[in-house]
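**Student:** So that you have it, the file is start28.cif, and it contains mmCIF, N, CA and C atoms:
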data_structure
loop_
_atom_site.label_atom_id
_atom_site.label_comp_id
_atom_site.auth_asym_id
_atom_site.auth_seq_id
_atom_site.Cartn_x
_atom_site.Cartn_y
_atom_site.Cartn_z
N MET A 1 -22.86 13.51 -12.97
CA MET A 1 -21.86 12.87 -12.14
C MET A 1 -21.72 11.40 -12.52
N ARG A 2 -22.83 10.76 -12.88
CA ARG A 2 -22.80 9.36 -13.28
C ARG A 2 -21.88 9.17 -14.48
N ALA A 3 -21.93 10.08 -15.46
CA ALA A 3 -21.07 9.98 -16.64
C ALA A 3 -19.60 10.08 -16.24
N MET A 4 -19.30 10.93 -15.27
CA MET A 4 -17.92 11.04 -14.82
C MET A 4 -17.46 9.74 -14.19
N PHE A 5 -18.33 9.12 -13.40
CA PHE A 5 -17.99 7.87 -12.75
C PHE A 5 -17.66 6.81 -13.78
N LEU A 6 -18.47 6.74 -14.83
CA LEU A 6 -18.24 5.75 -15.88
C LEU A 6 -17.01 6.07 -16.69
N GLY A 7 -16.71 7.33 -16.88
CA GLY A 7 -15.61 7.71 -17.72
C GLY A 7 -14.25 7.57 -17.06
N LEU A 8 -14.24 7.24 -15.80
CA LEU A 8 -12.98 7.18 -15.08
C LEU A 8 -12.38 5.80 -14.96
N ILE A 9 -12.92 4.86 -15.67
CA ILE A 9 -12.43 3.51 -15.56
C ILE A 9 -10.98 3.46 -16.03
N SER A 10 -10.27 2.56 -15.47
CA SER A 10 -8.84 2.46 -15.74
C SER A 10 -8.56 2.28 -17.22
N GLY A 11 -7.60 3.05 -17.72
CA GLY A 11 -7.19 2.91 -19.11
C GLY A 11 -6.16 1.82 -19.30
N VAL A 12 -5.58 1.35 -18.22
CA VAL A 12 -4.58 0.31 -18.30
C VAL A 12 -5.28 -1.05 -18.34
N LEU A 13 -4.92 -1.86 -19.33
CA LEU A 13 -5.54 -3.17 -19.46
C LEU A 13 -4.74 -4.20 -18.67
N PHE A 14 -5.43 -5.03 -17.96
CA PHE A 14 -4.83 -6.11 -17.21
C PHE A 14 -5.27 -7.42 -17.85
N THR A 15 -4.49 -8.44 -17.63
CA THR A 15 -4.87 -9.74 -18.15
C THR A 15 -5.77 -10.43 -17.14
N VAL A 16 -6.93 -10.86 -17.59
CA VAL A 16 -7.85 -11.60 -16.75
C VAL A 16 -7.55 -13.07 -16.96
N SER A 17 -7.30 -13.75 -15.89
CA SER A 17 -6.99 -15.17 -15.97
C SER A 17 -8.16 -15.95 -16.55
N ALA A 18 -7.84 -16.93 -17.39
CA ALA A 18 -8.87 -17.78 -17.96
C ALA A 18 -9.63 -18.52 -16.86
N ALA A 19 -8.98 -18.66 -15.71
CA ALA A 19 -9.60 -19.38 -14.60
C ALA A 19 -10.31 -18.43 -13.63
N ALA A 20 -10.50 -17.18 -14.03
CA ALA A 20 -11.16 -16.22 -13.15
C ALA A 20 -12.53 -16.75 -12.74
N ASP A 21 -12.78 -16.71 -11.46
CA ASP A 21 -14.04 -17.22 -10.92
C ASP A 21 -14.95 -16.03 -10.64
N PRO A 22 -16.12 -15.97 -11.28
CA PRO A 22 -17.02 -14.84 -11.04
C PRO A 22 -17.40 -14.68 -9.57
N LYS A 23 -17.34 -15.75 -8.80
CA LYS A 23 -17.67 -15.62 -7.38
C LYS A 23 -16.68 -14.71 -6.67
N ASP A 24 -15.45 -14.62 -7.20
CA ASP A 24 -14.46 -13.73 -6.59
C ASP A 24 -14.86 -12.27 -6.74
N TYR A 25 -15.25 -11.86 -7.94
CA TYR A 25 -15.64 -10.45 -8.08
C TYR A 25 -17.05 -10.18 -7.57
N GLN A 26 -17.91 -11.19 -7.55
CA GLN A 26 -19.22 -11.01 -6.94
C GLN A 26 -19.08 -10.78 -5.44
N ALA A 27 -18.10 -11.42 -4.82
CA ALA A 27 -17.86 -11.22 -3.39
C ALA A 27 -17.43 -9.78 -3.10
N VAL A 28 -16.67 -9.18 -4.01
CA VAL A 28 -16.26 -7.78 -3.84
C VAL A 28 -17.48 -6.87 -3.91
N ILE A 29 -18.33 -7.12 -4.89
CA ILE A 29 -19.56 -6.33 -5.02
C ILE A 29 -20.41 -6.48 -3.77
N ASP A 30 -20.57 -7.72 -3.29
CA ASP A 30 -21.34 -7.97 -2.06
C ASP A 30 -20.77 -7.19 -0.88
N ARG A 31 -19.44 -7.22 -0.73
CA ARG A 31 -18.83 -6.52 0.41
C ARG A 31 -19.03 -5.02 0.30
N GLN A 32 -18.97 -4.49 -0.92
CA GLN A 32 -19.20 -3.05 -1.06
C GLN A 32 -20.65 -2.70 -0.74
N ILE A 33 -21.59 -3.50 -1.23
CA ILE A 33 -23.00 -3.24 -0.92
C ILE A 33 -23.26 -3.35 0.58
N ASP A 34 -22.65 -4.34 1.23
CA ASP A 34 -22.79 -4.45 2.69
C ASP A 34 -22.28 -3.18 3.39
N ALA A 35 -21.17 -2.65 2.89
CA ALA A 35 -20.63 -1.42 3.47
C ALA A 35 -21.59 -0.25 3.24
N PHE A 36 -22.18 -0.17 2.04
CA PHE A 36 -23.17 0.89 1.78
C PHE A 36 -24.35 0.78 2.74
N LEU A 37 -24.84 -0.43 2.95
CA LEU A 37 -25.98 -0.63 3.84
C LEU A 37 -25.68 -0.18 5.27
N ALA A 38 -24.41 -0.26 5.64
CA ALA A 38 -23.99 0.17 6.98
C ALA A 38 -23.55 1.63 6.98
N ASP A 39 -23.74 2.33 5.85
CA ASP A 39 -23.26 3.71 5.70
C ASP A 39 -21.77 3.83 6.01
N ASP A 40 -21.03 2.78 5.70
CA ASP A 40 -19.58 2.75 5.90
C ASP A 40 -18.92 3.05 4.56
N PHE A 41 -18.92 4.32 4.18
CA PHE A 41 -18.39 4.70 2.87
C PHE A 41 -16.87 4.58 2.82
N GLU A 42 -16.23 4.64 3.96
CA GLU A 42 -14.78 4.46 3.99
C GLU A 42 -14.42 3.05 3.52
N THR A 43 -15.11 2.05 4.04
CA THR A 43 -14.86 0.67 3.60
C THR A 43 -15.31 0.48 2.15
N ALA A 44 -16.48 1.00 1.79
CA ALA A 44 -16.98 0.86 0.42
C ALA A 44 -15.99 1.43 -0.58
N PHE A 45 -15.34 2.51 -0.21
CA PHE A 45 -14.37 3.18 -1.07
C PHE A 45 -13.16 2.30 -1.35
N THR A 46 -12.82 1.40 -0.45
CA THR A 46 -11.64 0.55 -0.63
C THR A 46 -11.83 -0.45 -1.77
N PHE A 47 -13.06 -0.69 -2.19
CA PHE A 47 -13.32 -1.65 -3.26
C PHE A 47 -13.24 -1.03 -4.66
N ALA A 48 -13.00 0.27 -4.73
CA ALA A 48 -12.86 0.97 -6.01
C ALA A 48 -11.42 0.87 -6.49
N THR A 49 -11.25 0.96 -7.82
CA THR A 49 -9.91 0.95 -8.39
C THR A 49 -9.14 2.20 -7.94
N PRO A 50 -7.82 2.13 -8.01
CA PRO A 50 -7.02 3.31 -7.66
C PRO A 50 -7.40 4.55 -8.47
N ASN A 51 -7.74 4.41 -9.74
CA ASN A 51 -8.13 5.57 -10.55
C ASN A 51 -9.39 6.23 -10.00
N LEU A 52 -10.39 5.42 -9.62
CA LEU A 52 -11.61 6.01 -9.05
C LEU A 52 -11.33 6.64 -7.70
N ARG A 53 -10.49 5.99 -6.92
CA ARG A 53 -10.15 6.55 -5.60
C ARG A 53 -9.43 7.90 -5.76
N GLN A 54 -8.57 7.97 -6.74
CA GLN A 54 -7.86 9.22 -6.99
C GLN A 54 -8.83 10.30 -7.46
N TYR A 55 -9.76 9.95 -8.31
CA TYR A 55 -10.72 10.92 -8.82
C TYR A 55 -11.61 11.48 -7.69
N PHE A 56 -12.17 10.60 -6.89
CA PHE A 56 -13.10 11.06 -5.83
C PHE A 56 -12.37 11.62 -4.63
N ARG A 57 -11.13 11.23 -4.42
CA ARG A 57 -10.22 11.77 -3.41
C ARG A 57 -10.61 11.49 -1.97
N SER A 58 -11.85 11.19 -1.71
CA SER A 58 -12.25 10.87 -0.33
C SER A 58 -13.48 9.97 -0.34
N SER A 59 -13.62 9.24 0.74
CA SER A 59 -14.80 8.38 0.87
C SER A 59 -16.07 9.22 1.00
N ASP A 60 -15.95 10.44 1.54
CA ASP A 60 -17.12 11.33 1.64
C ASP A 60 -17.63 11.72 0.25
N ASN A 61 -16.71 12.10 -0.63
CA ASN A 61 -17.10 12.44 -2.01
C ASN A 61 -17.70 11.24 -2.72
N PHE A 62 -17.09 10.09 -2.52
CA PHE A 62 -17.57 8.86 -3.13
C PHE A 62 -18.98 8.53 -2.63
N GLY A 63 -19.18 8.63 -1.33
CA GLY A 63 -20.48 8.34 -0.73
C GLY A 63 -21.56 9.27 -1.24
N LEU A 64 -21.23 10.54 -1.39
CA LEU A 64 -22.19 11.51 -1.92
C LEU A 64 -22.61 11.13 -3.34
N MET A 65 -21.63 10.74 -4.17
CA MET A 65 -21.94 10.33 -5.54
C MET A 65 -22.85 9.11 -5.55
N VAL A 66 -22.57 8.14 -4.70
CA VAL A 66 -23.38 6.92 -4.67
C VAL A 66 -24.80 7.23 -4.20
N ARG A 67 -24.94 7.99 -3.13
CA ARG A 67 -26.27 8.32 -2.61
C ARG A 67 -27.10 9.08 -3.63
N GLN A 68 -26.46 9.98 -4.38
CA GLN A 68 -27.19 10.79 -5.35
C GLN A 68 -27.39 10.09 -6.69
N GLY A 69 -26.39 9.37 -7.16
CA GLY A 69 -26.45 8.79 -8.50
C GLY A 69 -26.82 7.32 -8.57
N TYR A 70 -26.62 6.60 -7.46
CA TYR A 70 -26.87 5.16 -7.44
C TYR A 70 -27.60 4.76 -6.16
N PRO A 71 -28.76 5.38 -5.88
CA PRO A 71 -29.45 5.06 -4.63
C PRO A 71 -29.86 3.60 -4.54
N MET A 72 -30.08 2.94 -5.67
CA MET A 72 -30.46 1.52 -5.64
C MET A 72 -29.31 0.64 -5.14
N VAL A 73 -28.08 1.09 -5.33
CA VAL A 73 -26.91 0.35 -4.84
C VAL A 73 -26.69 0.66 -3.36
N TRP A 74 -26.96 1.88 -2.98
CA TRP A 74 -26.80 2.31 -1.59
C TRP A 74 -27.81 1.61 -0.68
N ARG A 75 -29.04 1.41 -1.18
CA ARG A 75 -30.10 0.81 -0.38
C ARG A 75 -30.87 -0.24 -1.19
N PRO A 76 -30.20 -1.33 -1.57
CA PRO A 76 -30.92 -2.36 -2.31
C PRO A 76 -31.78 -3.22 -1.37
N ASP A 77 -32.80 -3.81 -1.95
CA ASP A 77 -33.58 -4.80 -1.21
C ASP A 77 -33.10 -6.19 -1.61
N THR A 78 -32.96 -6.41 -2.93
CA THR A 78 -32.55 -7.72 -3.45
C THR A 78 -31.46 -7.51 -4.50
N VAL A 79 -30.42 -8.34 -4.43
CA VAL A 79 -29.32 -8.30 -5.39
C VAL A 79 -29.20 -9.69 -6.00
N THR A 80 -29.28 -9.76 -7.33
CA THR A 80 -29.18 -11.04 -8.05
C THR A 80 -28.12 -10.90 -9.14
N TYR A 81 -27.19 -11.85 -9.16
CA TYR A 81 -26.14 -11.83 -10.18
C TYR A 81 -26.65 -12.51 -11.44
N LEU A 82 -26.45 -11.82 -12.55
CA LEU A 82 -26.87 -12.33 -13.86
C LEU A 82 -25.62 -12.79 -14.61
N ASP A 83 -25.60 -12.62 -15.91
CA ASP A 83 -24.46 -13.10 -16.67
C ASP A 83 -23.25 -12.18 -16.52
N TYR A 84 -22.11 -12.69 -16.94
CA TYR A 84 -20.86 -11.96 -16.88
C TYR A 84 -20.05 -12.31 -18.12
N ARG A 85 -19.09 -11.46 -18.39
CA ARG A 85 -18.18 -11.73 -19.49
C ARG A 85 -16.81 -11.14 -19.16
N GLU A 86 -15.81 -11.66 -19.83
CA GLU A 86 -14.46 -11.12 -19.70
C GLU A 86 -14.09 -10.53 -21.04
N GLU A 87 -13.55 -9.32 -21.00
CA GLU A 87 -13.24 -8.62 -22.25
C GLU A 87 -12.21 -7.53 -21.98
N GLY A 88 -11.24 -7.44 -22.83
CA GLY A 88 -10.28 -6.34 -22.75
C GLY A 88 -9.56 -6.22 -21.42
N GLY A 89 -9.26 -7.34 -20.80
CA GLY A 89 -8.54 -7.31 -19.54
C GLY A 89 -9.39 -7.04 -18.31
N ALA A 90 -10.70 -7.01 -18.47
CA ALA A 90 -11.61 -6.76 -17.33
C ALA A 90 -12.72 -7.79 -17.35
N ALA A 91 -13.45 -7.86 -16.26
CA ALA A 91 -14.64 -8.71 -16.18
C ALA A 91 -15.84 -7.78 -16.03
N PHE A 92 -16.93 -8.13 -16.67
CA PHE A 92 -18.15 -7.33 -16.62
C PHE A 92 -19.26 -8.21 -16.04
N GLN A 93 -19.79 -7.79 -14.90
CA GLN A 93 -20.80 -8.54 -14.18
C GLN A 93 -22.12 -7.78 -14.21
N LYS A 94 -23.17 -8.40 -14.77
CA LYS A 94 -24.50 -7.80 -14.72
C LYS A 94 -25.16 -8.18 -13.41
N VAL A 95 -25.83 -7.20 -12.82
CA VAL A 95 -26.46 -7.38 -11.52
C VAL A 95 -27.87 -6.79 -11.58
N GLN A 96 -28.84 -7.58 -11.15
CA GLN A 96 -30.21 -7.08 -11.02
C GLN A 96 -30.41 -6.64 -9.58
N ILE A 97 -30.84 -5.40 -9.43
CA ILE A 97 -31.11 -4.87 -8.09
C ILE A 97 -32.57 -4.43 -8.03
N ILE A 98 -33.26 -4.91 -7.00
CA ILE A 98 -34.59 -4.43 -6.69
C ILE A 98 -34.40 -3.50 -5.49
N ASP A 99 -34.81 -2.25 -5.65
CA ASP A 99 -34.63 -1.30 -4.55
C ASP A 99 -35.75 -1.47 -3.51
N GLN A 100 -35.70 -0.69 -2.47
CA GLN A 100 -36.65 -0.82 -1.37
C GLN A 100 -38.06 -0.37 -1.75
N GLN A 101 -38.21 0.30 -2.90
CA GLN A 101 -39.54 0.68 -3.38
C GLN A 101 -40.07 -0.36 -4.38
N GLY A 102 -39.30 -1.40 -4.66
CA GLY A 102 -39.73 -2.44 -5.58
C GLY A 102 -39.37 -2.19 -7.03
N ASP A 103 -38.61 -1.15 -7.31
CA ASP A 103 -38.19 -0.87 -8.69
C ASP A 103 -36.98 -1.72 -9.04
N MET A 104 -36.95 -2.22 -10.29
CA MET A 104 -35.87 -3.08 -10.75
C MET A 104 -34.87 -2.30 -11.59
N TYR A 105 -33.60 -2.58 -11.36
CA TYR A 105 -32.50 -1.98 -12.12
C TYR A 105 -31.55 -3.09 -12.54
N ILE A 106 -30.97 -2.92 -13.72
CA ILE A 106 -29.89 -3.80 -14.16
C ILE A 106 -28.65 -2.92 -14.26
N LEU A 107 -27.61 -3.34 -13.57
CA LEU A 107 -26.35 -2.61 -13.59
C LEU A 107 -25.26 -3.52 -14.13
N GLU A 108 -24.26 -2.90 -14.70
CA GLU A 108 -23.10 -3.66 -15.15
C GLU A 108 -21.87 -3.11 -14.44
N TYR A 109 -21.24 -3.97 -13.67
CA TYR A 109 -20.02 -3.62 -12.95
C TYR A 109 -18.82 -3.99 -13.80
N ARG A 110 -17.88 -3.08 -13.90
CA ARG A 110 -16.60 -3.38 -14.57
C ARG A 110 -15.61 -3.70 -13.46
N MET A 111 -15.14 -4.93 -13.47
CA MET A 111 -14.23 -5.41 -12.44
C MET A 111 -12.82 -5.51 -13.02
N VAL A 112 -11.86 -4.99 -12.28
CA VAL A 112 -10.48 -4.93 -12.75
C VAL A 112 -9.57 -5.60 -11.71
N PRO A 113 -8.67 -6.49 -12.18
CA PRO A 113 -7.72 -7.07 -11.22
C PRO A 113 -6.67 -6.02 -10.84
N VAL A 114 -6.48 -5.83 -9.55
CA VAL A 114 -5.49 -4.88 -9.03
C VAL A 114 -4.71 -5.58 -7.94
N GLU A 115 -3.43 -5.76 -8.16
CA GLU A 115 -2.54 -6.37 -7.17
C GLU A 115 -3.10 -7.66 -6.59
N GLY A 116 -3.58 -8.53 -7.45
CA GLY A 116 -4.03 -9.85 -7.02
C GLY A 116 -5.45 -9.94 -6.51
N SER A 117 -6.19 -8.84 -6.53
CA SER A 117 -7.59 -8.91 -6.11
C SER A 117 -8.44 -8.08 -7.06
N TRP A 118 -9.73 -8.27 -7.00
CA TRP A 118 -10.65 -7.55 -7.87
C TRP A 118 -11.05 -6.23 -7.25
N ARG A 119 -11.18 -5.20 -8.10
CA ARG A 119 -11.67 -3.90 -7.68
C ARG A 119 -12.73 -3.44 -8.68
N ILE A 120 -13.62 -2.59 -8.22
CA ILE A 120 -14.69 -2.07 -9.07
C ILE A 120 -14.16 -0.85 -9.82
N GLY A 121 -14.18 -0.96 -11.16
CA GLY A 121 -13.65 0.11 -12.00
C GLY A 121 -14.72 0.98 -12.61
N GLY A 122 -15.96 0.68 -12.37
CA GLY A 122 -17.06 1.48 -12.89
C GLY A 122 -18.36 0.71 -12.83
N VAL A 123 -19.45 1.43 -12.81
CA VAL A 123 -20.78 0.83 -12.79
C VAL A 123 -21.64 1.63 -13.74
N ARG A 124 -22.37 0.93 -14.59
CA ARG A 124 -23.32 1.64 -15.44
C ARG A 124 -24.69 1.01 -15.31
N ILE A 125 -25.69 1.87 -15.38
CA ILE A 125 -27.07 1.41 -15.30
C ILE A 125 -27.53 1.10 -16.72
N LEU A 126 -27.99 -0.13 -16.93
CA LEU A 126 -28.47 -0.56 -18.24
C LEU A 126 -29.98 -0.33 -18.32
N ASP A 127 -30.50 -0.37 -19.51
CA ASP A 127 -31.94 -0.24 -19.73
C ASP A 127 -32.60 -1.55 -19.31
N ALA A 128 -33.29 -1.54 -18.19
CA ALA A 128 -33.91 -2.77 -17.65
C ALA A 128 -34.95 -3.35 -18.60
N SER A 129 -35.53 -2.54 -19.48
CA SER A 129 -36.53 -3.07 -20.40
C SER A 129 -35.92 -4.05 -21.39
N ASP A 130 -34.61 -3.98 -21.59
CA ASP A 130 -33.92 -4.93 -22.46
C ASP A 130 -33.90 -6.33 -21.84
N PHE A 131 -34.18 -6.44 -20.55
CA PHE A 131 -34.08 -7.69 -19.84
C PHE A 131 -35.42 -8.25 -19.40
N SER A 132 -36.51 -7.57 -19.72
CA SER A 132 -37.82 -8.04 -19.28
C SER A 132 -38.36 -9.09 -20.25
N ALA A 133 -39.25 -9.92 -19.76
CA ALA A 133 -39.79 -11.01 -20.57
C ALA A 133 -40.80 -10.52 -21.58
#
When written as structure tokens, how does the structure in this file appear?
**Tutor:**
Amino acid sequence: MRAMFLGLISGVLFTVSAAADPKDYQAVIDRQIDAFLADDFETAFTFATPNLRQYFRSSDNFGLMVRQGYPMVWRPDTVTYLDYREEGGAAFQKVQIIDQQGDMYILEYRMVPVEGSWRIGGVRILDASDFSA
């Protein structure tokens, strides 16, 4: 299911403004994580791109995928923003998540501008060993 989530990112390229502020898309990620913590999958679903929303078709389906495939995002203990880059009309934000069991994960969020705001177009789990000292 994780591969499907990653494969559904928007094929349409948008122009990312040179003045794009990473705090804007970090705020979207924060709001989605807050919604997950409250088990408010309906609100969390609103932060996904239209393509992801169309694929999952309901917040219930989306919530099931997150609980099963991304439990560290559903129930994080600590969220730390790392580096980001802009490429191909999207922004890519790396995020370190420590889950409630103390395990560390590095995720990369693909952020896409949609109608004047940022939406999450996909999340992939990176190999955390690439980031250890």
**Student:** Have a look at A:Met104, A:Ile120, A:Val114, A:Met65 and name the one nearest to Phe47 (chain A); count all atoms listed in the file.
**Tutor:**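 Distance minimum relative to Phe47 (chain A) lands on A:Ile120.
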**Student:** Output the residue selection produced by the PyMOL selection byres ((chain A and resi 77) around 6) on the file above, formatted as an MDAnalysis selection string.
**Tutor:** chainID A and resid 75:76 78:79 98:100
**Student:** Could you tell me which of A:Leu107, A:Val112, A:Ala27, A:Leu37 comes closest to Asp127 (chain A) if we count all atoms listed in the file?
**Tutor:**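 Result for the nearest residue to Asp127 (chain A): A:Leu107.
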**Student:** Please compute the atom C of Val66 (chain A)-atom N of Ile29 (chain A) distance, one decimal, in Å.
**Tutor:**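 These two atoms are separated by 15.8 Å.
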**Student:** Can you list, as a PyMOL selection string, every protein, DNA or RNA residue that comes within 10 Å of Tyr25 (chain A) when you count only C-alpha atoms, leaving out same-chain residues fewer than 4 positions away?
**Tutor:** chain A and resi 20-21+29-31+91-93+109-113+117-120
**Student:** Grab the atom C of Phe36 (chain A) to atom C of Pro71 (chain A) distance for me, in Å with one decimal place.
**Tutor:**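 Separation between atom C of Phe36 (chain A) and atom C of Pro71 (chain A): 9.6 Å.
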**Student:** Could you check how far atom C of Pro22 (chain A) sits from atom N of Tyr105 (chain A), in Å to one decimal?
**Tutor:**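 Pair atom C of Pro22 (chain A) / atom N of Tyr105 (chain A) returns 20.3 Å.
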**Student:** Name the residues that the PyMOL selection byres ((chain A and resi 44) around 8) picks from the file above, as number ranges by chain, using the file's chain letters and numbers.
**Tutor:** A: 31-36, 39-43, 45-48, 59, 62-63
**Student:** Pull the strand (DSSP E) assignments for chain A out of DSSP run on the backbone, and list those residues as a PyMOL selection string.
**Tutor:** chain A and resi 76-87+90-99+104-114+117-126
